[in-house]
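The structure appears below as structure tokens.
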Amino acid sequence: MHWSPWWFHQFETLCNHLVELIAPFLIFMGRRMCILNGILQILFQVLLIISGNLSFLNWLTIVPSIACFDDASLAFLFSSREGGLKDRVLKMQARRAAGERHPLRYGCCIRKVVNASFGVLIAYLSIPVILNLLNSRQVMNTSFNPLRIVNTYGAFGSITKERTEVIIQGTSSLNPNDPTAVWEEYEFKCKPGDLKRRPCFITPYHYRLDWLMWFAAFQTYEQNEWIIHLAGKLLANEEEALSLMAFNPFEGKAPPRWVRGEHFKYKFSQPRGKHAGEGKWWIRKRIGPYFPPVNLQGLKRFYEDRNWPYPAQN
């Protein structure tokens with residue numbers, strides 16, 4: 001889809017705006033329009049699931065869309081056998097149509113009061129959230145009250161136009177600055193690394209380490225100290241950390257003496273192009289070092305300053 005023609009991407013953008021900004025108002029236009037909105041929202045999320053690796057996010061977005069479908073539209077999902085759920089509902093509806101009424105129970109009244117109270121509370125707490133959304137300097141991923149019921153959570157405050165990746169490498173060389181040192185790459189379970197590995201389909205699973213590596217590439221290692229913590233675990237060949245990786249180049253060998261992070265810009269290879277003909281799904285270009293070579297001894301003070309347990313070498 002990335003290499004689709006320009007007009008297709010413009011069509012995608014138009015559909016995106018229609019589904020997200022216009023279709024939701026169909027909820028207030030009667031039963032059929034409400035169902036239509038539910039269908040559009042679910043189809044839109046399914047398209048995102050097929051075309052991107054956002055793990056469980058799109059599946060969660062489908063859940064509220066189910067509320068657009070009433071009992072009649074979902075009846076086909078249930079058995080019509082005697083005494084079944086569908087049969088009991090039909091009998092309840094028949095009694096109600098016949099004029100049979102039951103007095104409201106005390107608990108039902110309490111529930112209505114509680115529901116109305118929650119509605120008023122959420123409306124009140126939403127005022128600063130709405131004002132923030134209308135502000136030209138809106139803040140993302142922020143809660144405006146200690147209850148954290150409403151907030152401006154968003155998976156992405158902004159979207160980058162380039163894909164950069166941190167590639168972690170290790171070497172057994174005594175001198176990491178030796179031009180002849182052989183650096184071998186660790187492979188993660190899903191994030192881009194090996195140029196010949198096809199982009200994986202992970203939804204609805206969530207590879208959290210791969211996800212964090214993606215976000216770390218937007219920033220520096222000083223803003224993501226956990227990546228140095230990970231480097232220390234790789235230097236120690238720690239099994240728990242290595243279980244999160246797809247490939248350990250030092251498996252069955254002595255652990256690396258040095259580990260470093262390299263920063264690359266990745267982009268898809270052109271279909272039927274030179275790189276695709278070589279079996280490469282990705283093309284990459286080195287940006288520079290992400291974090292310098294580190295060894296286990298050199299990280300000891302770093303770990304102590306942060307009260308992190310020093311990894312025991314395996």
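Each chain in the structure tokens gets a letter, A, B and so on, in the order shown; residues start at 1 in every chain, and ligands are counted from 1 in the order they appear.
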9 Å contact set for Pro199 of chain A, only C-alpha atoms, chain neighbours under 5 positions out, as a PyMOL selection string: chain A and resi 53+190-192+281
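Minimum atom-to-atom distances from A:Ala72, A:Leu133, A:Ile287, A:Ala116 to Val166 of chain A were compared using only C-alpha atoms, and the lowest value belongs to A:Ile287.
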Restricting the calculation to only C-alpha atoms: of A:Leu54, A:Met33, A:Val46, A:Leu174, which residue gets closest to Phe201 of chain A?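 Among the listed residues, the smallest separation from Phe201 of chain A belongs to A:Leu54.
Every protein or nucleic acid residue with an atom no more than 12 Å from Cys200 of chain A, counting only C-alpha atoms and leaving out same-chain residues fewer than 2 positions away, appears here: A:Ile50, A:Ser51, A:Gly52, A:Asn53, A:Leu54, A:Ser55, A:Phe188, A:Lys189, A:Cys190, A:Lys191, A:Pro192, A:Gly193, A:Asp194, A:Lys196, A:Arg197, A:Arg198, A:Ile202, A:Thr203, A:Tyr205, A:Tyr207, A:Asp210, A:Trp281.
One distance worth recording is that between atom CA of Ile167 of chain A and atom CA of Glu262 of chain A, which is 5.1 Å.
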